$ cat query12.txt   # compact mmCIF, N, CA and C atoms
# COMPACT_ATOMS: atom_id res chain seq x y z
N ASP S 1 -11.24 -7.91 -6.88
CA ASP S 1 -11.44 -8.39 -5.51
C ASP S 1 -10.16 -8.33 -4.68
N THR S 2 -9.04 -7.93 -5.29
CA THR S 2 -7.77 -7.81 -4.56
C THR S 2 -7.17 -6.44 -4.82
N LEU S 3 -6.69 -5.82 -3.75
CA LEU S 3 -6.08 -4.49 -3.81
C LEU S 3 -4.70 -4.59 -3.19
N TYR S 4 -3.72 -3.95 -3.81
CA TYR S 4 -2.36 -3.91 -3.27
C TYR S 4 -2.02 -2.48 -2.90
N ILE S 5 -1.43 -2.31 -1.73
CA ILE S 5 -1.05 -1.00 -1.23
C ILE S 5 0.42 -1.06 -0.83
N ARG S 6 1.17 -0.02 -1.18
CA ARG S 6 2.56 0.07 -0.74
C ARG S 6 2.62 1.15 0.33
N THR S 7 3.29 0.84 1.43
CA THR S 7 3.39 1.78 2.54
C THR S 7 4.75 1.63 3.21
N ILE S 8 5.10 2.55 4.06
CA ILE S 8 6.35 2.48 4.80
C ILE S 8 6.33 1.26 5.70
N ALA S 9 7.41 0.50 5.70
CA ALA S 9 7.47 -0.82 6.36
C ALA S 9 7.15 -0.78 7.85
N ASN S 10 7.50 0.28 8.54
CA ASN S 10 7.24 0.32 9.98
C ASN S 10 6.04 1.20 10.32
N SER S 11 5.14 1.40 9.36
CA SER S 11 3.97 2.26 9.58
C SER S 11 2.96 1.60 10.51
N GLY S 12 2.08 2.41 11.03
CA GLY S 12 1.02 1.91 11.90
C GLY S 12 0.12 0.92 11.18
N LYS S 13 -0.12 1.14 9.88
CA LYS S 13 -0.95 0.21 9.11
C LYS S 13 -0.40 -1.21 9.18
N ILE S 14 0.89 -1.34 8.96
CA ILE S 14 1.52 -2.66 8.96
C ILE S 14 1.42 -3.29 10.34
N LYS S 15 1.71 -2.52 11.36
CA LYS S 15 1.66 -3.04 12.73
C LYS S 15 0.26 -3.50 13.11
N ARG S 16 -0.77 -2.71 12.74
CA ARG S 16 -2.15 -3.10 13.06
C ARG S 16 -2.57 -4.35 12.30
N ILE S 17 -2.18 -4.45 11.03
CA ILE S 17 -2.56 -5.62 10.23
C ILE S 17 -1.88 -6.89 10.75
N ARG S 18 -0.68 -6.76 11.26
CA ARG S 18 -0.01 -7.92 11.86
C ARG S 18 -0.77 -8.43 13.08
N ASN S 19 -1.41 -7.50 13.81
CA ASN S 19 -2.16 -7.87 15.01
C ASN S 19 -3.59 -8.32 14.71
N ASN S 20 -4.19 -7.75 13.66
CA ASN S 20 -5.58 -8.08 13.30
C ASN S 20 -5.75 -7.86 11.81
N ASN S 21 -5.89 -8.96 11.07
CA ASN S 21 -5.96 -8.84 9.61
C ASN S 21 -7.37 -8.53 9.09
N GLN S 22 -8.36 -8.40 9.97
CA GLN S 22 -9.71 -8.04 9.57
C GLN S 22 -9.80 -6.52 9.51
N VAL S 23 -9.94 -5.97 8.30
CA VAL S 23 -10.00 -4.51 8.13
C VAL S 23 -11.20 -4.13 7.27
N ASN S 24 -11.63 -2.90 7.40
CA ASN S 24 -12.70 -2.36 6.57
C ASN S 24 -12.10 -1.28 5.68
N ILE S 25 -12.52 -1.25 4.42
CA ILE S 25 -12.06 -0.22 3.49
C ILE S 25 -13.27 0.44 2.84
N ALA S 26 -13.07 1.66 2.36
CA ALA S 26 -14.12 2.39 1.66
C ALA S 26 -13.47 3.36 0.68
N PRO S 27 -14.12 3.61 -0.45
CA PRO S 27 -13.58 4.62 -1.36
C PRO S 27 -13.75 6.00 -0.72
N CYS S 28 -12.74 6.85 -0.93
CA CYS S 28 -12.81 8.19 -0.34
C CYS S 28 -12.00 9.18 -1.17
N LYS S 29 -12.19 10.45 -0.86
CA LYS S 29 -11.41 11.52 -1.46
C LYS S 29 -10.07 11.61 -0.75
N VAL S 30 -9.18 12.43 -1.26
CA VAL S 30 -7.86 12.63 -0.66
C VAL S 30 -7.99 13.08 0.80
N ASP S 31 -9.01 13.87 1.10
CA ASP S 31 -9.18 14.38 2.47
C ASP S 31 -9.88 13.39 3.39
N GLY S 32 -10.22 12.20 2.87
CA GLY S 32 -10.86 11.17 3.69
C GLY S 32 -12.37 11.18 3.65
N ALA S 33 -12.97 12.11 2.93
CA ALA S 33 -14.43 12.14 2.81
C ALA S 33 -14.91 10.90 2.05
N LEU S 34 -15.81 10.16 2.66
CA LEU S 34 -16.28 8.90 2.07
C LEU S 34 -17.04 9.13 0.77
N LEU S 35 -16.81 8.22 -0.18
CA LEU S 35 -17.52 8.23 -1.45
C LEU S 35 -18.39 6.99 -1.63
N GLY S 36 -18.32 6.07 -0.69
CA GLY S 36 -19.08 4.83 -0.80
C GLY S 36 -19.16 4.11 0.53
N ASP S 37 -19.65 2.89 0.48
CA ASP S 37 -19.85 2.09 1.69
C ASP S 37 -18.57 1.39 2.12
N TRP S 38 -18.49 1.09 3.41
CA TRP S 38 -17.39 0.32 3.97
C TRP S 38 -17.53 -1.14 3.55
N LEU S 39 -16.42 -1.80 3.25
CA LEU S 39 -16.41 -3.22 2.89
C LEU S 39 -15.52 -3.98 3.86
N PRO S 40 -16.01 -5.11 4.38
CA PRO S 40 -15.14 -5.94 5.23
C PRO S 40 -14.12 -6.66 4.36
N THR S 41 -12.86 -6.65 4.77
CA THR S 41 -11.79 -7.27 3.99
C THR S 41 -10.80 -7.97 4.92
N VAL S 42 -9.91 -8.73 4.30
CA VAL S 42 -8.81 -9.39 5.01
C VAL S 42 -7.52 -8.87 4.39
N ALA S 43 -6.59 -8.46 5.25
CA ALA S 43 -5.34 -7.88 4.77
C ALA S 43 -4.15 -8.68 5.29
N CYS S 44 -3.08 -8.69 4.50
CA CYS S 44 -1.84 -9.32 4.96
C CYS S 44 -0.65 -8.63 4.29
N GLU S 45 0.48 -8.67 4.96
CA GLU S 45 1.71 -8.13 4.41
C GLU S 45 2.26 -9.13 3.41
N VAL S 46 2.60 -8.67 2.22
CA VAL S 46 3.12 -9.54 1.16
C VAL S 46 4.64 -9.64 1.31
N LYS S 47 5.15 -10.85 1.37
CA LYS S 47 6.60 -11.06 1.51
C LYS S 47 7.28 -11.38 0.18
N ASP S 48 6.51 -11.67 -0.86
CA ASP S 48 7.07 -12.03 -2.17
C ASP S 48 7.69 -10.80 -2.84
N PRO S 49 9.00 -10.77 -3.05
CA PRO S 49 9.63 -9.59 -3.65
C PRO S 49 9.16 -9.31 -5.07
N GLU S 50 8.71 -10.32 -5.80
CA GLU S 50 8.22 -10.10 -7.16
C GLU S 50 6.95 -9.25 -7.14
N VAL S 51 6.08 -9.47 -6.17
CA VAL S 51 4.87 -8.65 -6.04
C VAL S 51 5.27 -7.20 -5.75
N GLY S 52 6.25 -7.01 -4.88
CA GLY S 52 6.74 -5.67 -4.57
C GLY S 52 7.28 -4.97 -5.81
N ARG S 53 8.02 -5.70 -6.63
CA ARG S 53 8.56 -5.11 -7.87
C ARG S 53 7.45 -4.74 -8.84
N LYS S 54 6.42 -5.60 -8.92
CA LYS S 54 5.31 -5.31 -9.82
C LYS S 54 4.55 -4.07 -9.35
N VAL S 55 4.30 -3.96 -8.05
CA VAL S 55 3.63 -2.78 -7.51
C VAL S 55 4.47 -1.54 -7.80
N ASP S 56 5.78 -1.64 -7.62
CA ASP S 56 6.68 -0.52 -7.88
C ASP S 56 6.62 -0.10 -9.35
N ARG S 57 6.62 -1.07 -10.27
CA ARG S 57 6.52 -0.75 -11.70
C ARG S 57 5.21 -0.05 -12.03
N LEU S 58 4.10 -0.54 -11.45
CA LEU S 58 2.80 0.08 -11.71
C LEU S 58 2.73 1.50 -11.18
N LEU S 59 3.32 1.74 -10.02
CA LEU S 59 3.37 3.10 -9.47
C LEU S 59 4.21 4.01 -10.38
N GLY S 60 5.32 3.48 -10.90
CA GLY S 60 6.14 4.24 -11.83
C GLY S 60 5.39 4.58 -13.10
N LYS S 61 4.61 3.64 -13.58
CA LYS S 61 3.82 3.85 -14.80
C LYS S 61 2.77 4.93 -14.57
N LYS S 62 2.16 4.93 -13.40
CA LYS S 62 1.11 5.90 -13.10
C LYS S 62 1.67 7.29 -12.81
N TYR S 63 2.73 7.36 -12.00
CA TYR S 63 3.20 8.66 -11.51
C TYR S 63 4.45 9.19 -12.21
N GLY S 64 5.12 8.39 -13.03
CA GLY S 64 6.24 8.85 -13.83
C GLY S 64 7.36 9.48 -13.01
N ILE S 65 7.73 10.70 -13.39
CA ILE S 65 8.87 11.38 -12.77
C ILE S 65 8.62 11.66 -11.29
N LEU S 66 7.37 11.89 -10.89
CA LEU S 66 7.07 12.09 -9.46
C LEU S 66 7.45 10.87 -8.65
N LYS S 67 7.19 9.69 -9.19
CA LYS S 67 7.55 8.44 -8.51
C LYS S 67 9.07 8.36 -8.35
N VAL S 68 9.79 8.73 -9.40
CA VAL S 68 11.26 8.70 -9.35
C VAL S 68 11.77 9.65 -8.28
N LEU S 69 11.22 10.85 -8.21
CA LEU S 69 11.65 11.83 -7.22
C LEU S 69 11.36 11.35 -5.79
N PHE S 70 10.17 10.83 -5.57
CA PHE S 70 9.82 10.34 -4.24
C PHE S 70 10.68 9.13 -3.85
N ALA S 71 10.96 8.26 -4.81
CA ALA S 71 11.81 7.09 -4.54
C ALA S 71 13.22 7.55 -4.16
N TRP S 72 13.73 8.56 -4.83
CA TRP S 72 15.05 9.09 -4.54
C TRP S 72 15.08 9.69 -3.13
N MET S 73 14.06 10.48 -2.78
CA MET S 73 14.01 11.08 -1.45
C MET S 73 13.87 10.01 -0.36
N SER S 74 13.06 8.99 -0.63
CA SER S 74 12.89 7.90 0.33
C SER S 74 14.19 7.14 0.54
N ALA S 75 14.93 6.91 -0.54
CA ALA S 75 16.21 6.21 -0.44
C ALA S 75 17.20 7.01 0.40
N LEU S 76 17.21 8.32 0.21
CA LEU S 76 18.10 9.18 1.00
C LEU S 76 17.75 9.12 2.49
N GLN S 77 16.47 8.95 2.79
CA GLN S 77 16.01 8.89 4.18
C GLN S 77 16.12 7.47 4.75
N GLY S 78 16.47 6.51 3.91
CA GLY S 78 16.61 5.13 4.36
C GLY S 78 15.29 4.41 4.61
N GLN S 79 14.21 4.88 3.99
CA GLN S 79 12.91 4.25 4.20
C GLN S 79 12.79 2.94 3.43
N LYS S 80 12.19 1.97 4.06
CA LYS S 80 11.88 0.69 3.45
C LYS S 80 10.36 0.62 3.27
N TYR S 81 9.92 -0.12 2.26
CA TYR S 81 8.49 -0.23 1.98
C TYR S 81 8.02 -1.67 2.09
N SER S 82 6.75 -1.82 2.43
CA SER S 82 6.07 -3.10 2.44
C SER S 82 4.84 -3.00 1.56
N VAL S 83 4.39 -4.14 1.06
CA VAL S 83 3.18 -4.21 0.27
C VAL S 83 2.13 -4.95 1.08
N ILE S 84 0.93 -4.40 1.09
CA ILE S 84 -0.22 -5.01 1.76
C ILE S 84 -1.18 -5.51 0.70
N GLU S 85 -1.64 -6.75 0.87
CA GLU S 85 -2.66 -7.31 -0.01
C GLU S 85 -3.98 -7.30 0.74
N ILE S 86 -5.01 -6.74 0.13
CA ILE S 86 -6.32 -6.66 0.74
C ILE S 86 -7.31 -7.39 -0.15
N LYS S 87 -8.05 -8.34 0.44
CA LYS S 87 -9.05 -9.10 -0.31
C LYS S 87 -10.42 -8.90 0.32
N VAL S 88 -11.40 -8.65 -0.55
CA VAL S 88 -12.78 -8.50 -0.09
C VAL S 88 -13.30 -9.87 0.32
N VAL S 89 -13.97 -9.93 1.46
CA VAL S 89 -14.53 -11.21 1.95
C VAL S 89 -15.97 -11.35 1.56

$ encode --input "query12.txt" --output "structure tokens"
Amino acid sequence: DTLYIRTIANSGKIKRIRNNNQVNIAPCKVDGALLGDWLPTVACEVKDPEVGRKVDRLLGKKYGILKVLFAWMSALQGQKYSVIEIKVV
């Protein structure tokens, strides 16, 4: 019932959620083609650094060396990340 997403800290997603935390989500393919129904949810930016570290570890576990490479490139570009918590209502 809870989903965590990591995204660039100044992304449009973060800005929209700060203005309106009522969001709809749906399973989809990489190209955005829907695979299921839309679900009403509530989203918020997570400020707890421990949650951010846990999300980072899980991404590393899933993506391995690709995660390391992307993290390195992001660090070079000075990108900061935020974590979004989404709960189904």

$ atom_distance --input "query12.txt" --atom1 "atom N of Lys54 in chain S" --atom2 "atom N of Asp37 in chain S"
29.0 Å

$ atom_distance --input "query12.txt" --atom1 "CA of Leu69 in chain S" --atom2 "CA of Cys28 in chain S"
25.7 Å

$ select_by_dssp --input "query12.txt" --residues "chain S" --states "helix (DSSP H, G or I)" --output "VMD selection string"
chain S and resid 12 to 19 49 to 63 65 to 77

$ atom_distance --input "query12.txt" --atom1 "CA of Ala26 in chain S" --atom2 "CA of Leu59 in chain S"
20.7 Å

$ axis_aligned_box --input "query12.txt" --around "range 1-18 of chain S" --padding-each-side "3 Å" --output "lines of an AutoDock Vina configuration file"
center_x = -2.0
center_y = -2.9
center_z = 3.1
size_x = 24.9
size_y = 17.0
size_z = 26.0

$ residues_around --input "query12.txt" --residues "Asn20 in chain S" --least-positions-apart "3" --cutoff "8 Å" --atoms "only N, CA and C atoms" --output "MDAnalysis selection string"
chainID S and resid 14:17 23 42:44

$ closest_residue --input "query12.txt" --among "S:Arg53, S:Trp72, S:Asn24, S:Arg18" --to "Thr41 in chain S" --atoms "all atoms listed in the file"
S:Asn24

$ residues_near_point --input "query12.txt" --point "(7.9, 0.4, 8.4)" --cutoff "8 Å" --atoms "only C-alpha atoms" --output "PyMOL selection string"
chain S and resi 7-12+14+79-82

$ residues_around --input "query12.txt" --residues "Ile84 in chain S" --least-positions-apart "3" --cutoff "6 Å" --atoms "only C-alpha atoms" --output "tab-separated table (two decimals) with N, CA and C atoms, in the coordinates of the input"
chain	number	residue	atom	x	y	z
S	4	TYR	N	-3.72	-3.95	-3.81
S	4	TYR	CA	-2.36	-3.91	-3.27
S	4	TYR	C	-2.02	-2.48	-2.90
S	5	ILE	N	-1.43	-2.31	-1.73
S	5	ILE	CA	-1.05	-1.00	-1.23
S	5	ILE	C	0.42	-1.06	-0.83
S	44	CYS	N	-3.08	-8.69	4.50
S	44	CYS	CA	-1.84	-9.32	4.96
S	44	CYS	C	-0.65	-8.63	4.29
S	45	GLU	N	0.48	-8.67	4.96
S	45	GLU	CA	1.71	-8.13	4.41
S	45	GLU	C	2.26	-9.13	3.41
S	46	VAL	N	2.60	-8.67	2.22
S	46	VAL	CA	3.12	-9.54	1.16
S	46	VAL	C	4.64	-9.64	1.31
